[in-house]
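Participant: Contents of start_11.pdb (PDB, C-alpha atoms, pLDDT in the B column):
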ATOM      1  CA  MET A  26       2.469 -26.223 -34.815  1.00 34.00           C
ATOM      2  CA  SER A  27       1.014 -29.199 -36.692  1.00 38.00           C
ATOM      3  CA  THR A  28      -1.780 -31.677 -36.052  1.00 41.00           C
ATOM      4  CA  GLU A  29      -2.228 -34.650 -38.376  1.00 45.00           C
ATOM      5  CA  GLY A  30      -0.130 -32.888 -40.991  1.00 48.00           C
ATOM      6  CA  ARG A  31      -2.175 -29.672 -40.849  1.00 47.00           C
ATOM      7  CA  THR A  32      -0.929 -26.327 -39.646  1.00 51.00           C
ATOM      8  CA  THR A  33      -2.846 -25.015 -36.649  1.00 50.00           C
ATOM      9  CA  ASN A  34      -3.493 -21.583 -35.249  1.00 51.00           C
ATOM     10  CA  GLY A  35      -2.791 -20.473 -31.681  1.00 55.00           C
ATOM     11  CA  ALA A  36      -6.020 -22.123 -30.481  1.00 56.00           C
ATOM     12  CA  GLY A  37      -4.717 -25.539 -31.599  1.00 66.00           C
ATOM     13  CA  ARG A  38      -7.007 -25.991 -34.610  1.00 65.00           C
ATOM     14  CA  ALA A  39      -6.540 -25.754 -38.353  1.00 69.00           C
ATOM     15  CA  PRO A  40      -7.241 -22.319 -39.869  1.00 65.00           C
ATOM     16  CA  GLY A  41     -10.764 -22.019 -41.249  1.00 62.00           C
ATOM     17  CA  THR A  42     -12.196 -24.566 -38.821  1.00 67.00           C
ATOM     18  CA  PRO A  43     -14.657 -23.761 -36.037  1.00 70.00           C
ATOM     19  CA  GLY A  44     -13.732 -23.638 -32.367  1.00 81.00           C
ATOM     20  CA  ARG A  45     -15.165 -25.807 -29.608  1.00 86.00           C
ATOM     21  CA  PHE A  46     -18.065 -23.459 -28.809  1.00 86.00           C
ATOM     22  CA  SER A  47     -19.013 -23.130 -32.491  1.00 81.00           C
ATOM     23  CA  ARG A  48     -18.973 -26.910 -32.912  1.00 78.00           C
ATOM     24  CA  TRP A  49     -21.191 -27.307 -29.822  1.00 85.00           C
ATOM     25  CA  MET A  50     -23.659 -24.719 -31.145  1.00 86.00           C
ATOM     26  CA  GLN A  51     -23.668 -26.379 -34.550  1.00 83.00           C
ATOM     27  CA  ARG A  52     -24.402 -29.821 -33.062  1.00 86.00           C
ATOM     28  CA  ARG A  53     -27.339 -28.405 -31.074  1.00 90.00           C
ATOM     29  CA  SER A  54     -28.658 -26.481 -34.065  1.00 87.00           C
ATOM     30  CA  ASN A  55     -28.279 -29.517 -36.342  1.00 88.00           C
ATOM     31  CA  ALA A  56     -30.156 -31.763 -33.898  1.00 91.00           C
ATOM     32  CA  ARG A  57     -32.997 -29.239 -33.770  1.00 91.00           C
ATOM     33  CA  LEU A  58     -33.142 -28.961 -37.577  1.00 91.00           C
ATOM     34  CA  VAL A  59     -33.201 -32.753 -37.951  1.00 94.00           C
ATOM     35  CA  ARG A  60     -36.196 -32.877 -35.583  1.00 92.00           C
ATOM     36  CA  LYS A  61     -37.934 -30.147 -37.624  1.00 91.00           C
ATOM     37  CA  VAL A  62     -37.365 -31.999 -40.907  1.00 92.00           C
ATOM     38  CA  ARG A  63     -38.663 -35.240 -39.400  1.00 92.00           C
ATOM     39  CA  GLY A  64     -41.689 -33.331 -38.141  1.00 92.00           C
ATOM     40  CA  GLY A  65     -42.471 -32.180 -41.691  1.00 91.00           C
ATOM     41  CA  LYS A  66     -41.015 -28.649 -41.557  1.00 84.00           C
ATOM     42  CA  ALA A  67     -39.254 -27.977 -44.842  1.00 78.00           C
ATOM     43  CA  THR A  68     -37.550 -24.609 -44.435  1.00 87.00           C
ATOM     44  CA  PHE A  69     -35.059 -22.742 -42.286  1.00 85.00           C
ATOM     45  CA  MET A  70     -34.217 -19.073 -42.905  1.00 84.00           C
ATOM     46  CA  GLY A  71     -36.039 -19.243 -46.223  1.00 85.00           C
ATOM     47  CA  MET A  72     -34.102 -22.286 -47.448  1.00 87.00           C
ATOM     48  CA  ASP A  73     -35.426 -25.793 -48.083  1.00 91.00           C
ATOM     49  CA  VAL A  74     -33.775 -28.321 -45.756  1.00 94.00           C
ATOM     50  CA  LEU A  75     -33.192 -32.064 -45.992  1.00 96.00           C
ATOM     51  CA  VAL A  76     -31.260 -34.502 -43.811  1.00 96.00           C
ATOM     52  CA  LEU A  77     -28.213 -36.049 -45.469  1.00 97.00           C
ATOM     53  CA  HIS A  78     -27.295 -39.512 -44.196  1.00 97.00           C
ATOM     54  CA  THR A  79     -23.634 -40.489 -44.610  1.00 98.00           C
ATOM     55  CA  VAL A  80     -21.051 -42.736 -42.979  1.00 98.00           C
ATOM     56  CA  GLY A  81     -18.053 -41.150 -41.250  1.00 97.00           C
ATOM     57  CA  ARG A  82     -14.957 -41.530 -43.400  1.00 96.00           C
ATOM     58  CA  ARG A  83     -12.719 -42.456 -40.459  1.00 95.00           C
ATOM     59  CA  SER A  84     -15.143 -43.659 -37.796  1.00 96.00           C
ATOM     60  CA  GLY A  85     -17.529 -45.630 -39.996  1.00 96.00           C
ATOM     61  CA  ALA A  86     -20.334 -44.285 -37.778  1.00 97.00           C
ATOM     62  CA  PRO A  87     -23.637 -43.104 -39.273  1.00 97.00           C
ATOM     63  CA  ARG A  88     -23.940 -39.328 -39.608  1.00 96.00           C
ATOM     64  CA  GLU A  89     -26.993 -37.106 -40.143  1.00 95.00           C
ATOM     65  CA  THR A  90     -26.549 -33.562 -41.388  1.00 94.00           C
ATOM     66  CA  PRO A  91     -29.347 -31.069 -42.109  1.00 94.00           C
ATOM     67  CA  LEU A  92     -28.530 -29.134 -45.281  1.00 94.00           C
ATOM     68  CA  MET A  93     -29.999 -26.534 -47.594  1.00 92.00           C
ATOM     69  CA  TRP A  94     -30.893 -28.041 -50.960  1.00 95.00           C
ATOM     70  CA  LEU A  95     -32.464 -27.176 -54.275  1.00 94.00           C
ATOM     71  CA  PRO A  96     -34.666 -29.541 -56.291  1.00 92.00           C
ATOM     72  CA  ASP A  97     -33.421 -30.141 -59.831  1.00 91.00           C
ATOM     73  CA  GLU A  98     -35.288 -32.487 -62.189  1.00 88.00           C
ATOM     74  CA  GLY A  99     -36.160 -34.945 -59.406  1.00 89.00           C
ATOM     75  CA  ASP A 100     -32.705 -34.733 -57.818  1.00 94.00           C
ATOM     76  CA  ALA A 101     -31.341 -32.710 -54.918  1.00 95.00           C
ATOM     77  CA  VAL A 102     -28.477 -30.244 -55.409  1.00 96.00           C
ATOM     78  CA  LEU A 103     -26.326 -29.448 -52.382  1.00 96.00           C
ATOM     79  CA  VAL A 104     -23.927 -26.508 -52.014  1.00 95.00           C
ATOM     80  CA  VAL A 105     -20.703 -27.432 -50.222  1.00 94.00           C
ATOM     81  CA  ALA A 106     -20.351 -24.048 -48.533  1.00 89.00           C
ATOM     82  CA  SER A 107     -19.491 -24.863 -44.917  1.00 79.00           C
ATOM     83  CA  GLY A 108     -20.996 -21.588 -43.755  1.00 72.00           C
ATOM     84  CA  GLY A 109     -18.438 -19.640 -45.758  1.00 70.00           C
ATOM     85  CA  GLY A 110     -15.466 -21.470 -44.177  1.00 73.00           C
ATOM     86  CA  SER A 111     -12.197 -22.034 -45.989  1.00 77.00           C
ATOM     87  CA  ARG A 112     -12.545 -25.850 -45.974  1.00 83.00           C
ATOM     88  CA  ASN A 113     -15.162 -28.212 -47.291  1.00 89.00           C
ATOM     89  CA  PRO A 114     -17.293 -29.609 -44.454  1.00 89.00           C
ATOM     90  CA  ASP A 115     -16.835 -33.134 -43.104  1.00 91.00           C
ATOM     91  CA  TRP A 116     -20.060 -34.355 -44.702  1.00 94.00           C
ATOM     92  CA  HIS A 117     -18.494 -33.716 -48.123  1.00 96.00           C
ATOM     93  CA  ALA A 118     -15.477 -35.894 -47.263  1.00 95.00           C
ATOM     94  CA  ASN A 119     -17.864 -38.569 -45.972  1.00 96.00           C
ATOM     95  CA  LEU A 120     -19.712 -38.542 -49.317  1.00 96.00           C
ATOM     96  CA  ALA A 121     -16.451 -39.012 -51.196  1.00 95.00           C
ATOM     97  CA  ALA A 122     -15.242 -41.796 -48.894  1.00 97.00           C
ATOM     98  CA  HIS A 123     -18.513 -43.772 -48.824  1.00 97.00           C
ATOM     99  CA  PRO A 124     -20.598 -42.840 -51.904  1.00 97.00           C
ATOM    100  CA  ASP A 125     -22.566 -46.103 -51.701  1.00 97.00           C
ATOM    101  CA  ASP A 126     -23.770 -45.319 -48.153  1.00 97.00           C
ATOM    102  CA  VAL A 127     -25.696 -42.101 -48.818  1.00 98.00           C
ATOM    103  CA  ALA A 128     -29.374 -41.334 -48.268  1.00 98.00           C
ATOM    104  CA  ILE A 129     -31.537 -38.223 -48.227  1.00 97.00           C
ATOM    105  CA  GLU A 130     -34.473 -37.573 -45.928  1.00 96.00           C
ATOM    106  CA  LEU A 131     -37.010 -35.023 -47.094  1.00 94.00           C
ATOM    107  CA  PRO A 132     -39.411 -33.401 -44.615  1.00 92.00           C
ATOM    108  CA  GLY A 133     -41.810 -35.893 -43.082  1.00 90.00           C
ATOM    109  CA  ARG A 134     -40.522 -38.796 -45.232  1.00 94.00           C
ATOM    110  CA  ALA A 135     -38.325 -41.836 -44.675  1.00 96.00           C
ATOM    111  CA  PRO A 136     -34.704 -41.732 -45.901  1.00 97.00           C
ATOM    112  CA  VAL A 137     -34.127 -42.786 -49.523  1.00 97.00           C
ATOM    113  CA  ALA A 138     -30.797 -44.111 -50.820  1.00 98.00           C
ATOM    114  CA  ALA A 139     -29.082 -41.674 -53.200  1.00 98.00           C
ATOM    115  CA  VAL A 140     -26.116 -41.550 -55.549  1.00 97.00           C
ATOM    116  CA  PRO A 141     -23.850 -38.469 -55.157  1.00 97.00           C
ATOM    117  CA  HIS A 142     -22.229 -36.833 -58.168  1.00 97.00           C
ATOM    118  CA  GLU A 143     -20.065 -33.705 -57.955  1.00 97.00           C
ATOM    119  CA  LEU A 144     -20.995 -31.291 -60.725  1.00 97.00           C
ATOM    120  CA  ASP A 145     -18.470 -29.647 -63.004  1.00 97.00           C
ATOM    121  CA  GLY A 146     -18.340 -27.686 -66.239  1.00 97.00           C
ATOM    122  CA  ALA A 147     -21.629 -26.668 -67.836  1.00 97.00           C
ATOM    123  CA  ASP A 148     -23.658 -28.816 -65.398  1.00 96.00           C
ATOM    124  CA  ARG A 149     -22.126 -26.979 -62.441  1.00 97.00           C
ATOM    125  CA  GLU A 150     -22.620 -23.568 -64.062  1.00 96.00           C
ATOM    126  CA  ARG A 151     -26.302 -24.271 -64.812  1.00 95.00           C
ATOM    127  CA  ALA A 152     -26.899 -25.515 -61.258  1.00 96.00           C
ATOM    128  CA  TRP A 153     -24.944 -22.585 -59.784  1.00 96.00           C
ATOM    129  CA  GLN A 154     -27.142 -20.092 -61.639  1.00 96.00           C
ATOM    130  CA  ARG A 155     -30.202 -21.736 -60.058  1.00 94.00           C
ATOM    131  CA  VAL A 156     -28.556 -21.614 -56.612  1.00 93.00           C
ATOM    132  CA  ALA A 157     -27.531 -17.963 -56.986  1.00 94.00           C
ATOM    133  CA  THR A 158     -31.030 -16.979 -58.158  1.00 95.00           C
ATOM    134  CA  ALA A 159     -32.860 -18.940 -55.460  1.00 92.00           C
ATOM    135  CA  GLN A 160     -30.458 -18.043 -52.636  1.00 91.00           C
ATOM    136  CA  PRO A 161     -28.567 -14.766 -53.250  1.00 92.00           C
ATOM    137  CA  ARG A 162     -27.080 -15.101 -49.748  1.00 90.00           C
ATOM    138  CA  ILE A 163     -25.126 -18.198 -50.912  1.00 91.00           C
ATOM    139  CA  ALA A 164     -23.865 -16.255 -53.949  1.00 92.00           C
ATOM    140  CA  ARG A 165     -22.637 -13.476 -51.616  1.00 92.00           C
ATOM    141  CA  TYR A 166     -20.779 -16.036 -49.477  1.00 89.00           C
ATOM    142  CA  GLN A 167     -19.192 -17.465 -52.629  1.00 92.00           C
ATOM    143  CA  SER A 168     -18.066 -14.024 -53.803  1.00 91.00           C
ATOM    144  CA  LYS A 169     -16.120 -13.597 -50.538  1.00 89.00           C
ATOM    145  CA  ALA A 170     -14.736 -17.143 -50.351  1.00 88.00           C
ATOM    146  CA  GLU A 171     -11.199 -18.190 -51.255  1.00 87.00           C
ATOM    147  CA  ARG A 172     -12.436 -21.454 -52.785  1.00 89.00           C
ATOM    148  CA  GLN A 173     -15.110 -22.360 -55.307  1.00 93.00           C
ATOM    149  CA  TYR A 174     -18.002 -24.108 -53.591  1.00 95.00           C
ATOM    150  CA  PRO A 175     -18.504 -27.588 -54.997  1.00 96.00           C
ATOM    151  CA  LEU A 176     -22.044 -28.567 -55.984  1.00 97.00           C
ATOM    152  CA  VAL A 177     -23.253 -32.137 -55.441  1.00 98.00           C
ATOM    153  CA  ARG A 178     -26.218 -33.717 -57.186  1.00 97.00           C
ATOM    154  CA  LEU A 179     -27.965 -36.477 -55.246  1.00 97.00           C
ATOM    155  CA  THR A 180     -30.048 -38.791 -57.395  1.00 97.00           C
ATOM    156  CA  PRO A 181     -32.474 -41.107 -55.573  1.00 95.00           C
ATOM    157  CA  ARG A 182     -31.806 -44.793 -56.315  1.00 92.00           C
TER     158      ARG A 182
END
Would you write the structure of this file as structure tokens?
Facilitator:
Amino acid sequence: MSTEGRTTNGAGRAPGTPGRFSRWMQRRSNARLVRKVRGGKATFMGMDVLVLHTVGRRSGAPRETPLMWLPDEGDAVLVVASGGGSRNPDWHANLAAHPDDVAIELPGRAPVAAVPHELDGADRERAWQRVATAQPRIARYQSKAERQYPLVRLTPR
């Protein structure tokens, strides 16, 4: 069975994508995390959290996604992990489709426009070592994943 050129499983969705209940839970959890960040709370499960503002690649609608991040020389580094899923999350595709419409919102602060840059080579390796040291849980997810997690640097404009 195929949907939009992608093979689907028996539940009618592409392999490695969440089901309806998981998506509902994620939306509720994300909304709660966004409220926490706007209220000045900076962490969730021991990880620093920011709100990433993007524009939907197909819809053109504004999107807000709470994400774990690491500070790096005044920039923010994001791990494109998708909770250990086999696909990159939608927010990553939105970044690629609309790189000029990106902003980051740190706890208790207004959103600031940012420039995304996907890391590779030595830059990625250096950033990955910082991620793995700061968040061993992310390194464990990566060790079990079928894909290499991209890392994105967001530089405030």
Participant: Restricting the calculation to only C-alpha atoms: of A:Lys66, A:Pro141, A:Met50, A:Glu150, which residue gets closest to A:Ala128?
Facilitator: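 Closest residue, counting only C-alpha atoms: A:Pro141.
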Participant: I'd like the neighbourhood of A:Glu98 as a PyMOL selection string, where a residue qualifies if any of its atoms comes within 12 Å (using only C-alpha atoms), though same-chain residues fewer than 2 positions away should be ignored.
Facilitator: chain A and resi 95-96+100-102+152+178-181
Participant: Can you write out the residues you just picked, keeping C-alpha atoms, as a tab-separated table (two decimals), keeping the file's coordinate frame?
Facilitator:
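Written output follows (out_32.tsv):
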chain	number	residue	atom	x	y	z
A	95	LEU	CA	-32.46	-27.18	-54.28
A	96	PRO	CA	-34.67	-29.54	-56.29
A	100	ASP	CA	-32.70	-34.73	-57.82
A	101	ALA	CA	-31.34	-32.71	-54.92
A	102	VAL	CA	-28.48	-30.24	-55.41
A	152	ALA	CA	-26.90	-25.52	-61.26
A	178	ARG	CA	-26.22	-33.72	-57.19
A	179	LEU	CA	-27.96	-36.48	-55.25
A	180	THR	CA	-30.05	-38.79	-57.40
A	181	PRO	CA	-32.47	-41.11	-55.57
Participant: With the PyMOL selection byres ((chain A and resi 86-90) around 9) as the selection, what would be picked from this file? Answer as number ranges by chain, please.
Facilitator: A: 55-56, 58-59, 75-85, 91-92, 116, 119
Participant: In Å, with one decimal, what is the gap from atom CA of A:Asp148 to atom CA of A:Glu130?
Facilitator: 23.9 Å
Participant: If you apply the PyMOL selection byres ((chain A and resi 65) around 9) to this file, what residues do you get, as a VMD selection string?
Facilitator: chain A and resid 60 to 64 66 to 67 131 to 134
Participant: Nearest to A:Met70: which of A:Arg172, A:Ser47, A:Met93, A:Asp115 is it, counting only C-alpha atoms?
Facilitator: A:Met93
Participant: Which residues come within 10 Å of A:Arg149, counting all atoms listed in the file, excluding same-chain residues fewer than 3 positions away, as a CSV table (one decimal) with C-alpha atoms, in the frame of the given file?
Facilitator:
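Done, and the output landed in part-v8.csv:
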chain,number,residue,atom,x,y,z
A,143,GLU,CA,-20.1,-33.7,-58.0
A,144,LEU,CA,-21.0,-31.3,-60.7
A,145,ASP,CA,-18.5,-29.6,-63.0
A,146,GLY,CA,-18.3,-27.7,-66.2
A,152,ALA,CA,-26.9,-25.5,-61.3
A,153,TRP,CA,-24.9,-22.6,-59.8
A,154,GLN,CA,-27.1,-20.1,-61.6
A,155,ARG,CA,-30.2,-21.7,-60.1
A,175,PRO,CA,-18.5,-27.6,-55.0
A,176,LEU,CA,-22.0,-28.6,-56.0
A,177,VAL,CA,-23.3,-32.1,-55.4
A,178,ARG,CA,-26.2,-33.7,-57.2
Participant: If you measure from atom CA of A:Val74 to atom CA of A:Trp94, what distance in Å do you get, rounded to one decimal?
Facilitator: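 Atom CA of A:Trp94 lies 6.0 Å from atom CA of A:Val74.
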Participant: Let me know the centre plus edge lengths, in Å and rounded to one decimal, of a box with edges along x, y and z that contains all listed atoms of stretch 128-134 of chain A and is padded by 8 Å on every side, as JSON.
Facilitator:
{"center_x": -35.6, "center_y": -37.4, "center_z": -45.7, "size_x": 28.4, "size_y": 23.9, "size_z": 21.2}
Participant: Would you compute the distance between atom CA of A:His142 and atom CA of A:His123? Give it in Å to one decimal.
Facilitator: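 Atom CA of A:His142 sits 12.2 Å away from atom CA of A:His123.
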Participant: Point out the residue among A:Arg45, A:Arg53, A:Arg112, A:Arg162 with the least atom-to-atom distance to A:Tyr174, counting only C-alpha atoms.
Facilitator: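 Result for the nearest residue to A:Tyr174: A:Arg112.
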Participant: Nearest to A:Arg151 among A:Asp97, A:Pro124, A:Ala138, A:Ala106, with distances taken over all atoms listed in the file: which residue is it?
Facilitator: A:Asp97
Participant: From the list A:Phe46, A:Arg57, A:Gln51, A:Asp73, which residue is nearest A:Gln160 when using only C-alpha atoms?
Facilitator: A:Asp73
Participant: Pick out the closest residue to A:Val140 from this set: A:Ala121, A:Val105, A:Val127, A:Ala157. Count all atoms listed in the file.
Facilitator: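 Once distances to A:Val140 are computed over all atoms listed in the file, the minimum belongs to A:Val127.
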Participant: Rebuild stretch 54-65 of chain A to N, CA and C atoms - output it as a short mmCIF file (atom, residue, chain, number, x, y, z; two decimals), in the coordinates of the input, please.
Facilitator:
data_model
loop_
_atom_site.label_atom_id
_atom_site.label_comp_id
_atom_site.auth_asym_id
_atom_site.auth_seq_id
_atom_site.Cartn_x
_atom_site.Cartn_y
_atom_site.Cartn_z
N SER A 54 -27.83 -27.00 -32.98
CA SER A 54 -28.66 -26.48 -34.06
C SER A 54 -29.01 -27.58 -35.06
N ASN A 55 -28.03 -28.43 -35.41
CA ASN A 55 -28.28 -29.52 -36.34
C ASN A 55 -29.31 -30.49 -35.79
N ALA A 56 -29.20 -30.84 -34.51
CA ALA A 56 -30.16 -31.76 -33.90
C ALA A 56 -31.57 -31.18 -33.96
N ARG A 57 -31.68 -29.90 -33.72
CA ARG A 57 -33.00 -29.24 -33.77
C ARG A 57 -33.56 -29.24 -35.20
N LEU A 58 -32.70 -28.96 -36.19
CA LEU A 58 -33.14 -28.96 -37.58
C LEU A 58 -33.56 -30.36 -38.03
N VAL A 59 -32.83 -31.38 -37.60
CA VAL A 59 -33.20 -32.75 -37.95
C VAL A 59 -34.59 -33.06 -37.41
N ARG A 60 -34.86 -32.66 -36.16
CA ARG A 60 -36.20 -32.88 -35.58
C ARG A 60 -37.26 -32.15 -36.38
N LYS A 61 -36.97 -30.92 -36.83
CA LYS A 61 -37.93 -30.15 -37.62
C LYS A 61 -38.22 -30.84 -38.95
N VAL A 62 -37.18 -31.32 -39.62
CA VAL A 62 -37.36 -32.00 -40.91
C VAL A 62 -38.20 -33.26 -40.70
N ARG A 63 -37.91 -34.02 -39.67
CA ARG A 63 -38.66 -35.24 -39.40
C ARG A 63 -40.11 -34.93 -39.02
N GLY A 64 -40.33 -33.75 -38.48
CA GLY A 64 -41.69 -33.33 -38.14
C GLY A 64 -42.44 -32.73 -39.32
N GLY A 65 -41.80 -32.67 -40.49
CA GLY A 65 -42.47 -32.18 -41.69
C GLY A 65 -42.19 -30.74 -42.04
#
